[in-house]
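**Student:** Structure incoming, see below.
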Amino acid sequence: MNTSMPDAHPKVVERQVQALREAGPGSLLVWHEPTDRVSVVAAGTVPDSETMIIAGHRAVAQLNSFTETTTRTFDQQTRDAQLAATLSRTARDTRREWPEIKAMTPSIVEPRRELAAQGLTVAEPPAVSERSRRTLITDEYASSDTSSRLRLTLTVARAHEAPAEIAVVSTPHRQPVWALSVDVDAHHPRPSATVIAAAARAALTTMSEAIAAP
């Protein structure tokens, strides 16, 4: 049973900022709707339709650097308090979008599982958009054993009404360097998710090797 209030605003505290930093790449700061609790989950955890992603591990480093530069605050405890306040605002904003994200999450859970098995973990909160009268959800993934300059994005339509879109993008500007569309069988999403994950892993590995080549 969902015990959280419809207008609940997840609050992030300093110890959760510290936990996200210590958990390392691939970890996520999430809000679990049924229990109304904020926590940090390890890399490889697959967020489902009861779990709202607030931020990925990379956000801590980015926000920490921004806070230090803009406020000239060098004390880590003070910065963590500021980061907690910033992430609380992020959680509040994401909570407003959560009904749409929650409704779309079942369409992307199977690919998330298959990609996690391939070592590709969700790195950021998903984005929901509209295109050609279709609702889409886009995830961004990272891998610890490929170039940190590359990430993978996956976009799927509600109920798989359109082909899944896979792209390898360069960071930090998110410029696409490779893209592929994969048809998804709406009645058998798991085999399609396996194909998506295999294609994504191969593409990310190939592009990483190309970047590393002299």
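Every chain in the structure tokens has a letter given in the order shown (A, B, ...), and although residue numbers restart at 1 in each chain, ligands are simply numbered from 1 in the order shown.
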Would you give me, as CSV, each residue of segment 19-47 of chain A having an atom within 7 Å of an atom of segment 121-137 of chain A, along with its shortest atom pair and that distance in Å to one decimal, using only C-alpha atoms and sorting by chain and residue number?
**Tutor:**
```
residue,atom,partner,partner_atom,distance
A:Gly26,CA,A:Thr121,CA,5.8
A:Ala43,CA,A:Thr121,CA,6.5
A:Gly44,CA,A:Thr121,CA,5.5
```
**Student:** So that I can see what lies close to segment 138-145 of chain A, please list as an MDAnalysis selection string the residues with an atom at most 10 Å from it, counting only C-alpha atoms and leaving out residues fewer than 2 positions away in the same chain.
**Tutor:** chainID A and resid 25:26 43 101 104:105 108 111:112 115:116 118:129 136 147:157 164:169 200:201 204:205 208
**Student:** Could you dump the residues just selected with C-alpha atoms as a PDB file, in the first residue's frame?
**Tutor:**
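part_14.pdb, written as the output of this step:
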```pdb
ATOM      1  CA  PRO A  25      30.041   5.538  -9.705  1.00  0.00           C
ATOM      2  CA  GLY A  26      26.743   3.982 -10.694  1.00  0.00           C
ATOM      3  CA  ALA A  43      25.426   0.518  -8.825  1.00  0.00           C
ATOM      4  CA  ILE A 101       7.717   9.180 -15.002  1.00  0.00           C
ATOM      5  CA  MET A 104       6.311   5.400 -18.230  1.00  0.00           C
ATOM      6  CA  THR A 105       8.733   3.366 -16.115  1.00  0.00           C
ATOM      7  CA  ILE A 108      11.834   0.794 -19.688  1.00  0.00           C
ATOM      8  CA  PRO A 111      15.871  -2.748 -20.802  1.00  0.00           C
ATOM      9  CA  ARG A 112      17.232  -1.400 -17.500  1.00  0.00           C
ATOM     10  CA  LEU A 115      21.605  -3.224 -19.501  1.00  0.00           C
ATOM     11  CA  ALA A 116      22.531  -3.645 -15.825  1.00  0.00           C
ATOM     12  CA  GLN A 118      25.775  -5.838 -19.301  1.00  0.00           C
ATOM     13  CA  GLY A 119      27.407  -3.490 -16.796  1.00  0.00           C
ATOM     14  CA  LEU A 120      25.517  -0.391 -17.924  1.00  0.00           C
ATOM     15  CA  THR A 121      23.849   1.397 -15.033  1.00  0.00           C
ATOM     16  CA  VAL A 122      21.309   4.214 -14.955  1.00  0.00           C
ATOM     17  CA  ALA A 123      23.261   7.396 -14.310  1.00  0.00           C
ATOM     18  CA  GLU A 124      20.677  10.174 -14.160  1.00  0.00           C
ATOM     19  CA  PRO A 125      16.955  10.702 -13.571  1.00  0.00           C
ATOM     20  CA  PRO A 126      14.949   9.826 -16.696  1.00  0.00           C
ATOM     21  CA  ALA A 127      13.312  12.419 -18.912  1.00  0.00           C
ATOM     22  CA  VAL A 128       9.765  12.154 -20.247  1.00  0.00           C
ATOM     23  CA  SER A 129       8.892  13.917 -23.494  1.00  0.00           C
ATOM     24  CA  LEU A 136       8.708   8.821 -24.598  1.00  0.00           C
ATOM     25  CA  SER A 147      35.476   5.727 -21.622  1.00  0.00           C
ATOM     26  CA  SER A 148      34.145   8.264 -19.120  1.00  0.00           C
ATOM     27  CA  ARG A 149      33.819  10.592 -22.104  1.00  0.00           C
ATOM     28  CA  LEU A 150      30.941   8.516 -23.446  1.00  0.00           C
ATOM     29  CA  ARG A 151      27.493   7.669 -22.192  1.00  0.00           C
ATOM     30  CA  LEU A 152      24.557   5.779 -23.592  1.00  0.00           C
ATOM     31  CA  THR A 153      20.999   7.028 -23.942  1.00  0.00           C
ATOM     32  CA  LEU A 154      17.952   4.855 -24.498  1.00  0.00           C
ATOM     33  CA  THR A 155      14.567   6.228 -25.500  1.00  0.00           C
ATOM     34  CA  VAL A 156      11.445   4.062 -25.575  1.00  0.00           C
ATOM     35  CA  ALA A 157       7.813   4.855 -26.299  1.00  0.00           C
ATOM     36  CA  ALA A 164      13.619   2.025 -29.229  1.00  0.00           C
ATOM     37  CA  GLU A 165      16.328   4.601 -29.909  1.00  0.00           C
ATOM     38  CA  ILE A 166      19.867   3.898 -28.708  1.00  0.00           C
ATOM     39  CA  ALA A 167      22.591   6.532 -28.895  1.00  0.00           C
ATOM     40  CA  VAL A 168      26.171   6.857 -27.721  1.00  0.00           C
ATOM     41  CA  VAL A 169      26.800  10.461 -26.707  1.00  0.00           C
ATOM     42  CA  ALA A 200      24.198  -0.919 -26.689  1.00  0.00           C
ATOM     43  CA  ARG A 201      27.110  -2.674 -25.009  1.00  0.00           C
ATOM     44  CA  LEU A 204      29.696   1.708 -26.339  1.00  0.00           C
ATOM     45  CA  THR A 205      32.678  -0.648 -26.232  1.00  0.00           C
ATOM     46  CA  SER A 208      35.399   3.665 -26.342  1.00  0.00           C
TER      47      SER A 208
END
```
**Student:** Nearest to Leu87 of chain A: which of A:Leu63, A:Asp183, A:Val41, A:Pro214 is it, counting only C-alpha atoms?
**Tutor:** A:Leu63
**Student:** Could you list, as an NGL selection string, every residue within 6 Å of segment 29-34 of chain A, counting only C-alpha atoms and ignoring same-chain residues fewer than 5 positions away?
**Tutor:** :A and (2-3 or 39-40 or 50-55)
**Student:** Next, write the just-selected residues to a file, as a CSV table (one decimal), in the first residue's frame, keeping N, CA and C atoms as the atom set.
**Tutor:**
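The result, stored in selection21.csv:
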```
chain,number,residue,atom,x,y,z
A,2,ASN,N,0.5,2.2,-0.8
A,2,ASN,CA,1.2,3.5,-0.8
A,2,ASN,C,0.9,4.3,0.4
A,3,THR,N,1.9,4.5,1.3
A,3,THR,CA,1.6,5.3,2.5
A,3,THR,C,2.1,6.7,2.4
A,39,SER,N,17.0,7.2,0.0
A,39,SER,CA,18.2,6.4,0.3
A,39,SER,C,19.1,6.4,-0.9
A,40,VAL,N,20.3,5.8,-0.7
A,40,VAL,CA,21.3,5.6,-1.7
A,40,VAL,C,21.3,4.1,-2.1
A,50,GLU,N,8.2,2.2,-8.5
A,50,GLU,CA,8.0,2.7,-7.1
A,50,GLU,C,9.2,3.5,-6.6
A,51,THR,N,10.2,3.6,-7.5
A,51,THR,CA,11.5,4.3,-7.1
A,51,THR,C,11.8,5.5,-8.0
A,52,MET,N,11.8,6.6,-7.4
A,52,MET,CA,12.0,7.9,-8.2
A,52,MET,C,13.5,8.2,-8.0
A,53,ILE,N,14.2,8.4,-9.1
A,53,ILE,CA,15.6,8.8,-9.1
A,53,ILE,C,15.7,10.3,-8.9
A,54,ILE,N,16.5,10.6,-7.9
A,54,ILE,CA,16.7,12.1,-7.6
A,54,ILE,C,18.0,12.5,-8.3
A,55,ALA,N,19.1,11.7,-8.1
A,55,ALA,CA,20.4,12.1,-8.7
A,55,ALA,C,21.3,10.9,-8.8
```
**Student:** Atom CA of Arg79 of chain A to atom CA of Gly24 of chain A: how many Å, to one decimal?
**Tutor:** 18.2 Å
**Student:** Just to confirm, what's the straight-line distance from atom CA of His57 of chain A to atom CA of Arg174 of chain A in Å (one decimal)?
**Tutor:**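 Distance reported for this atom pair: 17.7 Å.
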**Student:** Rounded to one decimal in Å, what is the spacing between atom CA of Arg96 of chain A and atom CA of Gln175 of chain A?
**Tutor:** 28.3 Å
**Student:** Where does DSSP see helix (DSSP H, G or I) in segment 20-93 of chain A, if you list the residues as a PyMOL selection string?
**Tutor:** chain A and resi 20-23+57-71+76-93
